[in-house]
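**Q** Pasting my_file.txt here (compact mmCIF, C-alpha atoms and all ligand atoms):
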```
# COMPACT_ATOMS: atom_id res chain seq x y z
CA MET A 1 -25.85 0.22 -9.14
CA LYS A 2 -26.37 3.44 -7.22
CA CYS A 3 -24.05 2.88 -4.29
CA VAL A 4 -21.06 1.67 -6.28
CA ALA A 5 -18.66 4.23 -7.66
CA ALA A 6 -17.02 3.43 -10.96
CA LEU A 7 -13.31 3.75 -10.18
CA GLY A 8 -12.08 6.67 -12.17
CA SER A 9 -15.48 8.16 -12.82
CA ARG A 10 -14.82 11.63 -14.17
CA SER A 11 -16.48 13.55 -11.36
CA THR A 12 -14.69 11.75 -8.53
CA ALA A 13 -11.33 11.79 -10.25
CA ALA A 14 -11.60 15.47 -11.11
CA ARG A 15 -12.66 16.45 -7.60
CA TRP A 16 -9.80 14.56 -5.98
CA ARG A 17 -7.37 14.97 -8.85
CA TYR A 18 -6.74 11.23 -9.00
CA PRO A 19 -7.38 9.92 -12.49
CA VAL A 20 -7.37 6.14 -12.50
CA ARG A 21 -7.01 3.37 -15.04
CA ALA A 22 -6.51 -0.38 -15.05
CA ALA A 23 -3.02 -1.83 -14.57
CA ALA A 24 -1.35 -3.47 -17.52
CA SER A 25 -0.59 -7.16 -17.08
CA PRO A 26 3.04 -7.54 -16.04
CA ALA A 27 5.50 -8.74 -18.61
CA GLY A 28 6.20 -12.40 -17.94
CA GLY A 29 3.24 -12.64 -15.58
CA GLU A 30 0.47 -15.22 -15.81
CA ASP A 31 -1.55 -12.92 -18.03
CA ALA A 32 1.32 -12.24 -20.42
CA GLY A 33 0.36 -13.24 -23.92
CA SER A 34 -3.16 -14.17 -22.96
CA GLY A 35 -4.65 -11.32 -24.99
CA ALA A 36 -7.00 -8.62 -23.83
CA VAL A 37 -8.30 -8.78 -20.28
CA ALA A 38 -11.78 -7.48 -19.55
CA PRO A 39 -11.39 -4.01 -17.94
CA ASP A 40 -13.19 -4.92 -14.72
CA THR A 41 -10.92 -7.90 -14.09
CA GLU A 42 -7.74 -5.81 -14.14
CA LEU A 43 -6.10 -4.36 -11.08
CA HIS A 44 -6.99 -0.67 -10.85
CA THR A 45 -4.29 1.94 -10.68
CA ARG A 46 -4.23 5.48 -9.38
CA VAL A 47 -1.88 8.31 -10.18
CA ILE A 48 0.96 9.72 -8.06
CA PRO A 49 0.23 13.44 -8.40
CA GLY A 50 3.89 14.44 -7.95
CA SER A 51 5.16 12.39 -10.87
CA GLY A 52 2.12 11.50 -12.96
CA GLU A 53 3.04 7.81 -12.70
CA HIS A 54 0.30 5.24 -12.11
CA ILE A 55 0.60 2.52 -9.47
CA PRO A 56 -1.75 -0.40 -8.75
CA VAL A 57 -4.10 0.16 -5.82
CA ILE A 58 -3.11 -3.02 -3.96
CA GLY A 59 0.44 -3.12 -2.63
CA LEU A 60 2.30 -5.49 -0.32
CA GLY A 61 3.44 -4.75 3.23
CA THR A 62 6.35 -6.71 4.69
CA TYR A 63 6.32 -5.99 8.43
CA ARG A 64 6.73 -9.33 10.28
CA THR A 65 5.63 -11.37 7.25
CA PHE A 66 8.96 -11.01 5.36
CA ASP A 67 11.21 -11.02 8.45
CA VAL A 68 12.77 -14.44 7.88
CA ARG A 69 16.11 -15.30 9.44
CA PRO A 70 19.02 -16.29 7.19
CA GLY A 71 19.00 -20.05 6.64
CA GLN A 72 15.22 -20.37 7.02
CA SER A 73 12.94 -21.04 4.08
CA VAL A 74 11.62 -18.07 2.10
CA ASP A 75 9.43 -20.27 -0.13
CA ASP A 76 6.19 -18.70 1.16
CA GLN A 77 7.51 -15.17 0.66
CA ARG A 78 8.72 -16.04 -2.86
CA GLU A 79 5.31 -17.45 -3.74
CA VAL A 80 3.50 -14.45 -2.24
CA LEU A 81 5.64 -12.09 -4.30
CA ARG A 82 5.28 -14.22 -7.44
CA ARG A 83 1.47 -14.18 -7.20
CA PHE A 84 1.47 -10.48 -6.33
CA HIS A 85 3.52 -9.60 -9.41
CA ALA A 86 1.73 -12.03 -11.73
CA GLY A 87 -1.58 -10.50 -10.65
CA GLY A 88 -0.42 -6.99 -11.55
CA GLY A 89 0.91 -5.84 -8.14
CA ARG A 90 3.98 -3.58 -8.04
CA VAL A 91 4.22 -1.58 -4.80
CA VAL A 92 6.21 -3.32 -2.03
CA ASP A 93 6.69 -1.46 1.25
CA THR A 94 9.51 -2.36 3.61
CA SER A 95 11.91 -0.78 6.11
CA PRO A 96 15.25 -1.29 7.87
CA MET A 97 13.08 -1.56 11.00
CA TYR A 98 11.52 -4.83 9.74
CA GLY A 99 14.42 -7.12 10.62
CA GLU A 100 15.36 -9.21 7.59
CA ALA A 101 12.51 -7.96 5.37
CA GLU A 102 14.55 -5.80 3.00
CA ARG A 103 17.02 -8.64 2.45
CA VAL A 104 14.22 -11.14 1.85
CA VAL A 105 12.38 -8.83 -0.59
CA GLY A 106 15.64 -8.30 -2.49
CA LEU A 107 16.42 -12.01 -2.50
CA VAL A 108 13.06 -13.32 -3.70
CA ALA A 109 12.57 -10.50 -6.21
CA ASP A 110 15.95 -11.37 -7.69
CA ASP A 111 15.06 -15.10 -7.74
CA LEU A 112 11.91 -14.22 -9.66
CA GLY A 113 13.71 -11.79 -11.98
CA ILE A 114 11.27 -8.98 -11.18
CA THR A 115 13.41 -6.51 -9.19
CA ASP A 116 13.26 -3.82 -11.84
CA SER A 117 9.52 -4.05 -12.42
CA LEU A 118 8.55 -3.49 -8.78
CA PHE A 119 7.81 -0.12 -7.21
CA LEU A 120 10.05 -0.48 -4.14
CA ALA A 121 9.31 1.65 -1.10
CA THR A 122 11.52 1.64 1.97
CA LYS A 123 12.36 4.02 4.79
CA ILE A 124 15.03 5.74 6.84
CA TRP A 125 14.72 4.86 10.50
CA THR A 126 17.70 6.35 12.28
CA ARG A 127 19.10 9.63 13.55
CA GLY A 128 21.70 11.90 11.92
CA GLY A 129 22.37 12.77 8.30
CA ALA A 130 25.38 10.48 7.83
CA ALA A 131 23.57 7.52 9.42
CA GLY A 132 20.53 8.22 7.24
CA ARG A 133 22.54 8.23 4.01
CA GLU A 134 24.38 5.07 5.09
CA GLN A 135 21.10 3.32 5.89
CA ALA A 136 19.61 4.31 2.54
CA GLN A 137 22.68 2.94 0.78
CA GLU A 138 22.38 -0.35 2.65
CA SER A 139 18.66 -0.59 1.78
CA ALA A 140 19.48 -0.11 -1.90
CA ARG A 141 22.12 -2.85 -1.67
CA LEU A 142 19.74 -5.28 0.04
CA LEU A 143 16.92 -4.55 -2.38
CA GLY A 144 19.25 -4.83 -5.37
CA ARG A 145 18.41 -1.47 -6.87
CA ALA A 146 20.51 1.67 -7.45
CA THR A 147 17.39 3.83 -7.39
CA ILE A 148 14.59 3.24 -4.90
CA ASP A 149 11.14 4.29 -6.05
CA LEU A 150 10.06 5.76 -2.72
CA MET A 151 12.08 6.61 0.39
CA GLN A 152 10.12 7.57 3.50
CA VAL A 153 10.95 8.95 6.93
CA HIS A 154 9.79 6.11 9.17
CA ASN A 155 7.49 7.22 11.97
CA LEU A 156 8.78 10.80 11.60
CA VAL A 157 12.02 9.80 13.38
CA ASP A 158 14.58 12.65 13.20
CA LEU A 159 12.18 14.26 10.76
CA ARG A 160 13.89 17.51 9.82
CA THR A 161 17.28 15.90 9.20
CA GLN A 162 16.00 12.86 7.36
CA LEU A 163 13.61 14.84 5.19
CA ALA A 164 16.61 16.90 4.09
CA THR A 165 18.58 13.68 3.50
CA LEU A 166 15.81 12.21 1.37
CA THR A 167 15.35 15.41 -0.60
CA GLU A 168 19.07 15.25 -1.46
CA LEU A 169 18.80 11.57 -2.39
CA ARG A 170 15.89 12.39 -4.70
CA ARG A 171 17.86 15.29 -6.25
CA ASP A 172 20.84 12.99 -6.86
CA GLY A 173 18.74 10.22 -8.40
CA HIS A 174 19.05 7.68 -5.55
CA CYS A 175 15.30 7.72 -5.04
CA ARG A 176 12.43 8.94 -7.18
CA HIS A 177 9.85 9.95 -4.57
CA VAL A 178 9.99 11.11 -0.94
CA GLY A 179 7.45 10.45 1.81
CA VAL A 180 6.72 10.34 5.53
CA THR A 181 4.97 7.62 7.52
CA HIS A 182 3.24 6.93 10.80
CA TYR A 183 0.91 4.31 12.19
CA LEU A 184 -0.75 6.22 15.05
CA SER A 185 -3.83 8.39 14.68
CA SER A 186 -2.39 10.69 17.34
CA ARG A 187 0.20 11.77 14.74
CA HIS A 188 -2.24 12.54 11.93
CA ASP A 189 -2.12 16.27 12.60
CA ASP A 190 1.67 16.19 12.26
CA LEU A 191 1.33 14.31 8.97
CA ALA A 192 -1.31 16.75 7.75
CA ALA A 193 0.97 19.69 8.53
CA LEU A 194 3.72 18.07 6.46
CA VAL A 195 1.36 17.33 3.60
CA THR A 196 0.52 21.01 3.37
CA SER A 197 4.04 22.38 3.76
CA ALA A 198 6.84 19.86 3.04
CA PRO A 199 8.21 18.84 -0.38
CA ILE A 200 6.85 15.28 -0.17
CA ASP A 201 5.29 13.07 -2.82
CA PHE A 202 3.72 10.51 -0.44
CA VAL A 203 2.25 10.22 3.01
CA GLN A 204 1.78 6.77 4.55
CA VAL A 205 -0.89 6.47 7.23
CA ASN A 206 -2.97 3.99 9.22
CA TYR A 207 -6.54 3.84 7.98
CA SER A 208 -9.17 1.11 8.24
CA LEU A 209 -12.89 0.56 8.56
CA LEU A 210 -12.43 0.64 12.35
CA GLU A 211 -9.91 3.49 12.61
CA ARG A 212 -11.13 6.36 10.43
CA ASN A 213 -9.42 9.35 12.02
CA ALA A 214 -7.46 10.04 8.81
CA GLU A 215 -10.72 11.06 7.12
CA HIS A 216 -11.07 14.20 9.23
CA ARG A 217 -8.10 16.23 8.11
CA LEU A 218 -5.25 14.18 6.68
CA LEU A 219 -6.86 12.52 3.66
CA PRO A 220 -8.58 15.71 2.43
CA ALA A 221 -5.30 17.62 2.91
CA ALA A 222 -3.40 15.03 0.88
CA ALA A 223 -5.95 15.25 -1.93
CA ASP A 224 -5.93 19.05 -1.91
CA HIS A 225 -2.14 19.27 -1.97
CA GLY A 226 -1.47 16.56 -4.53
CA VAL A 227 0.23 14.11 -2.16
CA ALA A 228 -0.20 10.38 -2.82
CA VAL A 229 -1.49 8.27 0.08
CA LEU A 230 -0.28 4.80 1.09
CA VAL A 231 -2.40 3.06 3.72
CA ASN A 232 -0.82 0.83 6.37
CA GLN A 233 -2.55 -1.53 8.82
CA PRO A 234 -5.72 -1.93 6.71
CA PHE A 235 -6.61 -5.01 8.82
CA GLU A 236 -5.52 -3.35 12.09
CA THR A 237 -2.62 -5.85 12.05
CA SER A 238 -5.24 -8.62 11.60
CA SER A 239 -7.41 -7.77 14.62
CA LEU A 240 -10.31 -6.86 12.27
CA PHE A 241 -10.65 -10.56 11.49
CA GLY A 242 -11.15 -11.21 15.20
CA TRP A 243 -14.06 -8.76 15.22
CA VAL A 244 -15.94 -10.51 12.43
CA ARG A 245 -14.88 -14.10 13.29
CA ASP A 246 -17.19 -16.39 11.30
CA ALA A 247 -19.93 -13.81 10.68
CA ALA A 248 -21.50 -13.94 7.24
CA LEU A 249 -20.90 -11.19 4.73
CA PRO A 250 -24.01 -9.21 3.83
CA ASP A 251 -25.76 -10.33 0.64
CA TRP A 252 -25.11 -6.95 -0.99
CA ALA A 253 -21.33 -7.43 -0.70
CA ALA A 254 -21.56 -9.53 -3.86
CA GLU A 255 -22.52 -6.38 -5.77
CA LEU A 256 -19.04 -5.10 -4.99
CA GLY A 257 -17.41 -8.37 -6.01
CA ILE A 258 -16.57 -9.04 -2.34
CA ARG A 259 -16.16 -12.69 -1.38
CA SER A 260 -14.26 -12.42 1.91
CA TRP A 261 -13.86 -10.13 4.89
CA ALA A 262 -10.35 -9.22 3.74
CA GLN A 263 -11.83 -7.88 0.51
CA TYR A 264 -14.55 -6.07 2.46
CA PHE A 265 -11.91 -4.26 4.55
CA LEU A 266 -9.66 -3.45 1.59
CA LYS A 267 -12.47 -2.21 -0.66
CA PHE A 268 -13.67 0.03 2.16
CA VAL A 269 -10.23 1.69 2.27
CA LEU A 270 -10.02 1.97 -1.53
CA GLY A 271 -13.44 3.59 -1.57
CA HIS A 272 -11.86 6.74 -0.17
CA PRO A 273 -10.81 8.68 -3.27
CA ALA A 274 -7.75 10.22 -1.61
CA VAL A 275 -6.19 6.76 -1.13
CA THR A 276 -3.63 5.86 -3.78
CA CYS A 277 -2.59 2.37 -2.66
CA VAL A 278 -3.26 0.08 0.32
CA LEU A 279 -0.51 -2.14 1.75
CA PRO A 280 -1.88 -5.37 3.30
CA ALA A 281 0.87 -7.71 4.53
CA THR A 282 0.71 -11.48 4.24
CA ARG A 283 2.94 -14.51 4.19
CA VAL A 284 0.15 -16.76 2.90
CA PRO A 285 -0.07 -17.13 -0.91
CA VAL A 286 -3.87 -17.63 -1.05
CA HIS A 287 -4.30 -14.51 1.07
CA MET A 288 -2.25 -12.67 -1.52
CA ASP A 289 -4.66 -13.74 -4.28
CA GLU A 290 -7.60 -12.72 -2.13
CA ASN A 291 -6.12 -9.32 -1.31
CA LEU A 292 -5.25 -8.58 -4.94
CA GLU A 293 -8.81 -9.39 -5.95
CA ALA A 294 -9.99 -6.41 -3.88
CA GLY A 295 -8.22 -4.13 -6.35
CA ARG A 296 -10.47 -5.23 -9.19
CA GLY A 297 -14.09 -4.53 -10.08
CA PRO A 298 -16.46 -2.11 -8.38
CA VAL A 299 -15.33 0.28 -5.65
CA PRO A 300 -17.77 1.45 -2.95
CA ASP A 301 -18.93 5.03 -3.05
CA GLU A 302 -19.59 7.07 0.10
CA ALA A 303 -23.14 5.76 0.61
CA MET A 304 -21.96 2.18 0.30
CA ARG A 305 -19.03 2.83 2.63
CA ARG A 306 -21.48 4.06 5.28
CA ARG A 307 -23.48 0.88 4.80
CA MET A 308 -20.31 -1.18 5.20
CA VAL A 309 -19.47 0.57 8.49
CA GLU A 310 -23.02 0.15 9.82
CA TYR A 311 -23.11 -3.55 9.01
CA PHE A 312 -19.71 -4.11 10.62
CA HIS A 313 -20.74 -2.33 13.83
CA GLU A 314 -23.99 -4.29 14.05
CA LEU A 315 -22.13 -7.61 14.21
N1 LIG B 401 5.04 3.44 10.39
C1 LIG B 401 5.04 2.74 9.28
O1 LIG B 401 5.67 3.10 8.31
C2 LIG B 401 4.21 1.49 9.21
C3 LIG B 401 3.55 1.02 10.34
C4 LIG B 401 2.77 -0.14 10.22
C5 LIG B 401 2.72 -0.79 9.01
N2 LIG B 401 3.41 -0.32 7.91
C6 LIG B 401 3.35 -1.02 6.61
O2 LIG B 401 2.02 -1.41 6.34
C7 LIG B 401 1.96 -2.82 6.15
C8 LIG B 401 0.62 -3.37 6.62
O3 LIG B 401 0.45 -3.23 8.01
P1 LIG B 401 0.59 -4.46 9.03
O4 LIG B 401 1.43 -5.50 8.39
O5 LIG B 401 1.05 -3.92 10.32
O6 LIG B 401 -0.88 -4.97 9.22
P2 LIG B 401 -2.10 -5.46 8.30
O7 LIG B 401 -1.70 -5.48 6.85
O8 LIG B 401 -3.27 -4.67 8.73
O9 LIG B 401 -2.32 -6.94 8.80
C9 LIG B 401 -1.44 -7.96 8.49
C10 LIG B 401 -2.01 -9.26 9.01
O10 LIG B 401 -3.20 -9.59 8.30
C11 LIG B 401 -3.19 -10.97 7.94
N3 LIG B 401 -3.80 -11.11 6.61
C12 LIG B 401 -3.39 -10.56 5.44
N4 LIG B 401 -4.23 -10.88 4.44
C13 LIG B 401 -5.18 -11.68 4.98
C14 LIG B 401 -6.30 -12.35 4.43
N5 LIG B 401 -6.62 -12.23 3.14
N6 LIG B 401 -7.07 -13.11 5.27
C15 LIG B 401 -6.75 -13.23 6.59
N7 LIG B 401 -5.68 -12.61 7.16
C16 LIG B 401 -4.90 -11.84 6.35
C17 LIG B 401 -1.74 -11.35 7.87
O11 LIG B 401 -1.60 -12.70 8.26
P3 LIG B 401 -1.18 -13.86 7.20
O12 LIG B 401 0.28 -13.71 7.00
O13 LIG B 401 -1.59 -15.10 7.91
O14 LIG B 401 -1.98 -13.61 5.96
C18 LIG B 401 -1.08 -10.43 8.88
O15 LIG B 401 -1.02 -11.04 10.14
C19 LIG B 401 3.17 -3.32 6.94
O16 LIG B 401 3.50 -4.64 6.61
C20 LIG B 401 4.19 -2.29 6.57
O17 LIG B 401 4.74 -2.52 5.29
C21 LIG B 401 4.13 0.81 8.01
```
Represent the structure from my file as structure tokens, please.

**A**
Amino acid sequence: MKCVAALGSRSTAARWRYPVRAAASPAGGEDAGSGAVAPDTELHTRVIPGSGEHIPVIGLGTYRTFDVRPGQSVDDQREVLRRFHAGGGRVVDTSPMYGEAERVVGLVADDLGITDSLFLATKIWTRGGAAGREQAQESARLLGRATIDLMQVHNLVDLRTQLATLTELRRDGHCRHVGVTHYLSSRHDDLAALVTSAPIDFVQVNYSLLERNAEHRLLPAAADHGVAVLVNQPFETSSLFGWVRDAALPDWAAELGIRSWAQYFLKFVLGHPAVTCVLPATRVPVHMDENLEAGRGPVPDEAMRRRMVEYFHEL
């Protein structure tokens, strides 16, 4: 089908230097032992240029959704994480800024026995080198891991100091990758400058069908400089669902394997070849299944993405 890019097609992957492949079923997951899975039913992965490691394209955000007070039930969060992992998901993004989220991620991952098979991303969100190192140590304790897969400077807070802290932590084996994050388009130029000059493996940025500023400079810069991209707020913190309400999906969405608006929004983001992984947050297990499904099957190419934008704006 003309407007659907095969994920990992040689030309796209070569141009953006992001070879892709399908994720292996997780050990102990629902697919374990079930034999070969048809390639287009597997969760796609993309490569982290800095390390050559592949990660699945759908991750899990934890802002608000995993902030559960001690003593309250974490059954929903445990079930979300169980389905995420069983479906091939690995990347979980959290932060000391998200209240109890790091503790809850650590707790339910330990309950499920999957702590070591996740790609855990958290952040430093404080000022001063000593405070930064202390916070990173506490995150590792809460998450139950000596080495964190990705440590990021949250919202560029105390950037110069914390970037130095994280670079040291990576050197000493306390984290494997270093990144920077923001959620405002007004800071994309700052992120782009870091992508071109700082020793970072990842940049995390807001990007959605409605808020496409990252396309101008930041995403091309990340692709050109071999920096992996995590996308936050793919649903504009859920306000995108308010825009579409009960509107019908276009008939042609089925060609992309899209059965819900959530999948429409996520596939749009994944259609940008500079994006490595998108981080939708949910506390609802069936939403987790739905979001994971967006990481399988066809991915829209540029022509189809334009069509998706046009249809959305006509509603
Ligand atoms: N500066 C930073 O570093 C930064 C800033 C912002 C975000 N982030 C990261 O990015 C993640 C994602 O951003 P976000 O949480 O702000 O917003 P988001 O992922 O755009 O939206 C989350 C909202 O979407 C709803 N949702 C999820 N899946 C759905 C589905 N299939 N159908 C209907 N509703 C669905 C969730 O509600 P339900 O629980 O009801 O599903 C939740 O209210 C964060 O959790 C965080 O990890 C980082």

**Q** Could the residues that lie within 7 Å of ligand LIG 401 (chain B), counting all atoms listed in the file, be listed as a ChimeraX atom specification?

**A** /A:60-65,93-94,154-155,181-183,204,231-238,241,262,279-284,287-288,290-291

**Q** For atom CA of Thr41 of chain A and atom CA of Leu230 of chain A, determine how far apart the two atoms are, in Å to one decimal place.

**A** 22.5 Å

**Q** Could you work out how far atom CA of Leu184 of chain A lies from atom CA of Val275 of chain A, giving the answer in Å with one decimal?

**A**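 Between these atoms lies a distance of 17.1 Å.
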
**Q** Pick from A:Pro285, A:Asp67, A:Trp261, A:Asp149: nearest to Arg83 of chain A, with only C-alpha atoms counted?

**A**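 Of A:Pro285, A:Asp67, A:Trp261, A:Asp149, the one nearest Arg83 of chain A is A:Pro285, counting only C-alpha atoms.
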
**Q** Env of Phe312 of chain A: 9 Å cut, atoms = all atoms listed in the file, seq-sep filter 4 positions within chain, self excluded. Answer as a list in words.

**A**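 Those residues are Leu209, Leu210, Trp243, Val244, Arg307 and Met308 of chain A.
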
**Q** Using all atoms listed in the file, can you tell me which of A:Thr276, A:Ser260, A:Gln152, A:Thr115 comes closest to Ala164 of chain A?

**A**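 The shortest atom-to-atom distance to Ala164 of chain A comes from A:Gln152.
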
**Q** Just give me the gap between atom CA of Val229 of chain A and atom CA of Ala254 of chain A in Å, one decimal is fine.

**A**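 Atom-to-atom, atom CA of Val229 of chain A to atom CA of Ala254 of chain A, that is 27.1 Å.
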
**Q** For segment 88-190 of chain A against segment 48-58 of chain A, with a cut-off of 12 Å and counting only C-alpha atoms, what is the closest atom pair and its distance in Å to one decimal for every residue that makes the cut, ordered by chain and number, as CSV?

**A**
```
residue,atom,partner,partner_atom,distance
A:Gly88,CA,A:Pro56,CA,7.3
A:Gly89,CA,A:Pro56,CA,6.1
A:Arg90,CA,A:Pro56,CA,6.6
A:Val91,CA,A:Ile55,CA,7.2
A:Val92,CA,A:Ile58,CA,9.5
A:Asp93,CA,A:Ile58,CA,11.2
A:Ser117,CA,A:Ile55,CA,11.5
A:Leu118,CA,A:Ile55,CA,10.0
A:Phe119,CA,A:Ile55,CA,8.0
A:Leu120,CA,A:Ile55,CA,11.3
A:Asp149,CA,A:Glu53,CA,11.1
A:Leu150,CA,A:Ile48,CA,11.3
A:Arg176,CA,A:Ser51,CA,8.9
A:His177,CA,A:Gly50,CA,8.2
A:Val178,CA,A:Gly50,CA,9.9
A:Gly179,CA,A:Gly50,CA,11.1
```

**Q** Write to file, as a CSV table (one decimal), in the frame of the given file, the residues of the selection just made, with C-alpha atoms.

**A**
```csv
chain,number,residue,atom,x,y,z
A,88,GLY,CA,-0.4,-7.0,-11.6
A,89,GLY,CA,0.9,-5.8,-8.1
A,90,ARG,CA,4.0,-3.6,-8.0
A,91,VAL,CA,4.2,-1.6,-4.8
A,92,VAL,CA,6.2,-3.3,-2.0
A,93,ASP,CA,6.7,-1.5,1.2
A,117,SER,CA,9.5,-4.0,-12.4
A,118,LEU,CA,8.6,-3.5,-8.8
A,119,PHE,CA,7.8,-0.1,-7.2
A,120,LEU,CA,10.0,-0.5,-4.1
A,149,ASP,CA,11.1,4.3,-6.0
A,150,LEU,CA,10.1,5.8,-2.7
A,176,ARG,CA,12.4,8.9,-7.2
A,177,HIS,CA,9.8,10.0,-4.6
A,178,VAL,CA,10.0,11.1,-0.9
A,179,GLY,CA,7.4,10.4,1.8
```

**Q** Using all atoms listed in the file, collect all residues at a distance of at most 12 Å from (17.0, 8.3, -7.3) as written in the file, then present them as a VMD selection string.

**A** chain A and resid 120 to 121 136 to 137 140 145 to 151 166 to 178

**Q** For Gly129 of chain A, which of A:Arg160, A:Thr165, A:Leu142, A:Leu218 is the closest residue, counting only C-alpha atoms?

**A**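 So, comparing all the options, the nearest one is A:Thr165.
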
**Q** Using the atoms already present, construct N, CA and C atoms for segment 250-270 of chain A and hand them back as a PDB file, keeping the file's coordinate frame.

**A**
```
ATOM      1  N   PRO A 250     -22.650  -9.563   4.266  1.00  0.00           N
ATOM      2  CA  PRO A 250     -24.010  -9.210   3.830  1.00  0.00           C
ATOM      3  C   PRO A 250     -24.210  -9.643   2.369  1.00  0.00           C
ATOM      4  N   ASP A 251     -25.458  -9.906   2.023  1.00  0.00           N
ATOM      5  CA  ASP A 251     -25.760 -10.330   0.640  1.00  0.00           C
ATOM      6  C   ASP A 251     -25.273  -9.295  -0.378  1.00  0.00           C
ATOM      7  N   TRP A 252     -25.446  -8.000  -0.030  1.00  0.00           N
ATOM      8  CA  TRP A 252     -25.110  -6.950  -0.990  1.00  0.00           C
ATOM      9  C   TRP A 252     -23.611  -6.818  -1.245  1.00  0.00           C
ATOM     10  N   ALA A 253     -22.785  -7.487  -0.451  1.00  0.00           N
ATOM     11  CA  ALA A 253     -21.330  -7.430  -0.700  1.00  0.00           C
ATOM     12  C   ALA A 253     -20.994  -7.983  -2.080  1.00  0.00           C
ATOM     13  N   ALA A 254     -21.809  -8.918  -2.543  1.00  0.00           N
ATOM     14  CA  ALA A 254     -21.560  -9.530  -3.860  1.00  0.00           C
ATOM     15  C   ALA A 254     -21.628  -8.487  -4.973  1.00  0.00           C
ATOM     16  N   GLU A 255     -22.430  -7.430  -4.750  1.00  0.00           N
ATOM     17  CA  GLU A 255     -22.520  -6.380  -5.770  1.00  0.00           C
ATOM     18  C   GLU A 255     -21.182  -5.667  -5.967  1.00  0.00           C
ATOM     19  N   LEU A 256     -20.364  -5.718  -4.925  1.00  0.00           N
ATOM     20  CA  LEU A 256     -19.040  -5.100  -4.990  1.00  0.00           C
ATOM     21  C   LEU A 256     -17.962  -6.114  -5.381  1.00  0.00           C
ATOM     22  N   GLY A 257     -18.380  -7.330  -5.673  1.00  0.00           N
ATOM     23  CA  GLY A 257     -17.410  -8.370  -6.010  1.00  0.00           C
ATOM     24  C   GLY A 257     -16.657  -8.865  -4.785  1.00  0.00           C
ATOM     25  N   ILE A 258     -17.242  -8.671  -3.586  1.00  0.00           N
ATOM     26  CA  ILE A 258     -16.570  -9.040  -2.340  1.00  0.00           C
ATOM     27  C   ILE A 258     -16.945 -10.470  -1.952  1.00  0.00           C
ATOM     28  N   ARG A 259     -15.906 -11.298  -1.748  1.00  0.00           N
ATOM     29  CA  ARG A 259     -16.160 -12.690  -1.380  1.00  0.00           C
ATOM     30  C   ARG A 259     -15.518 -13.065  -0.043  1.00  0.00           C
ATOM     31  N   SER A 260     -14.885 -12.114   0.612  1.00  0.00           N
ATOM     32  CA  SER A 260     -14.260 -12.420   1.910  1.00  0.00           C
ATOM     33  C   SER A 260     -14.196 -11.139   2.737  1.00  0.00           C
ATOM     34  N   TRP A 261     -13.977 -11.299   4.036  1.00  0.00           N
ATOM     35  CA  TRP A 261     -13.860 -10.130   4.890  1.00  0.00           C
ATOM     36  C   TRP A 261     -12.618  -9.311   4.544  1.00  0.00           C
ATOM     37  N   ALA A 262     -11.560  -9.975   4.128  1.00  0.00           N
ATOM     38  CA  ALA A 262     -10.350  -9.220   3.740  1.00  0.00           C
ATOM     39  C   ALA A 262     -10.696  -8.256   2.605  1.00  0.00           C
ATOM     40  N   GLN A 263     -11.457  -8.740   1.633  1.00  0.00           N
ATOM     41  CA  GLN A 263     -11.830  -7.880   0.510  1.00  0.00           C
ATOM     42  C   GLN A 263     -12.782  -6.766   0.958  1.00  0.00           C
ATOM     43  N   TYR A 264     -13.636  -7.078   1.894  1.00  0.00           N
ATOM     44  CA  TYR A 264     -14.550  -6.070   2.460  1.00  0.00           C
ATOM     45  C   TYR A 264     -13.720  -4.925   3.075  1.00  0.00           C
ATOM     46  N   PHE A 265     -12.726  -5.285   3.885  1.00  0.00           N
ATOM     47  CA  PHE A 265     -11.910  -4.260   4.550  1.00  0.00           C
ATOM     48  C   PHE A 265     -11.070  -3.459   3.547  1.00  0.00           C
ATOM     49  N   LEU A 266     -10.524  -4.151   2.555  1.00  0.00           N
ATOM     50  CA  LEU A 266      -9.660  -3.450   1.590  1.00  0.00           C
ATOM     51  C   LEU A 266     -10.492  -2.551   0.665  1.00  0.00           C
ATOM     52  N   LYS A 267     -11.639  -3.039   0.230  1.00  0.00           N
ATOM     53  CA  LYS A 267     -12.470  -2.210  -0.660  1.00  0.00           C
ATOM     54  C   LYS A 267     -12.990  -0.979   0.087  1.00  0.00           C
ATOM     55  N   PHE A 268     -13.263  -1.139   1.377  1.00  0.00           N
ATOM     56  CA  PHE A 268     -13.670   0.030   2.160  1.00  0.00           C
ATOM     57  C   PHE A 268     -12.587   1.110   2.072  1.00  0.00           C
ATOM     58  N   VAL A 269     -11.344   0.733   2.301  1.00  0.00           N
ATOM     59  CA  VAL A 269     -10.230   1.690   2.270  1.00  0.00           C
ATOM     60  C   VAL A 269     -10.106   2.310   0.872  1.00  0.00           C
ATOM     61  N   LEU A 270     -10.174   1.468  -0.154  1.00  0.00           N
ATOM     62  CA  LEU A 270     -10.020   1.970  -1.530  1.00  0.00           C
ATOM     63  C   LEU A 270     -11.184   2.843  -1.960  1.00  0.00           C
TER      64      LEU A 270
END
```
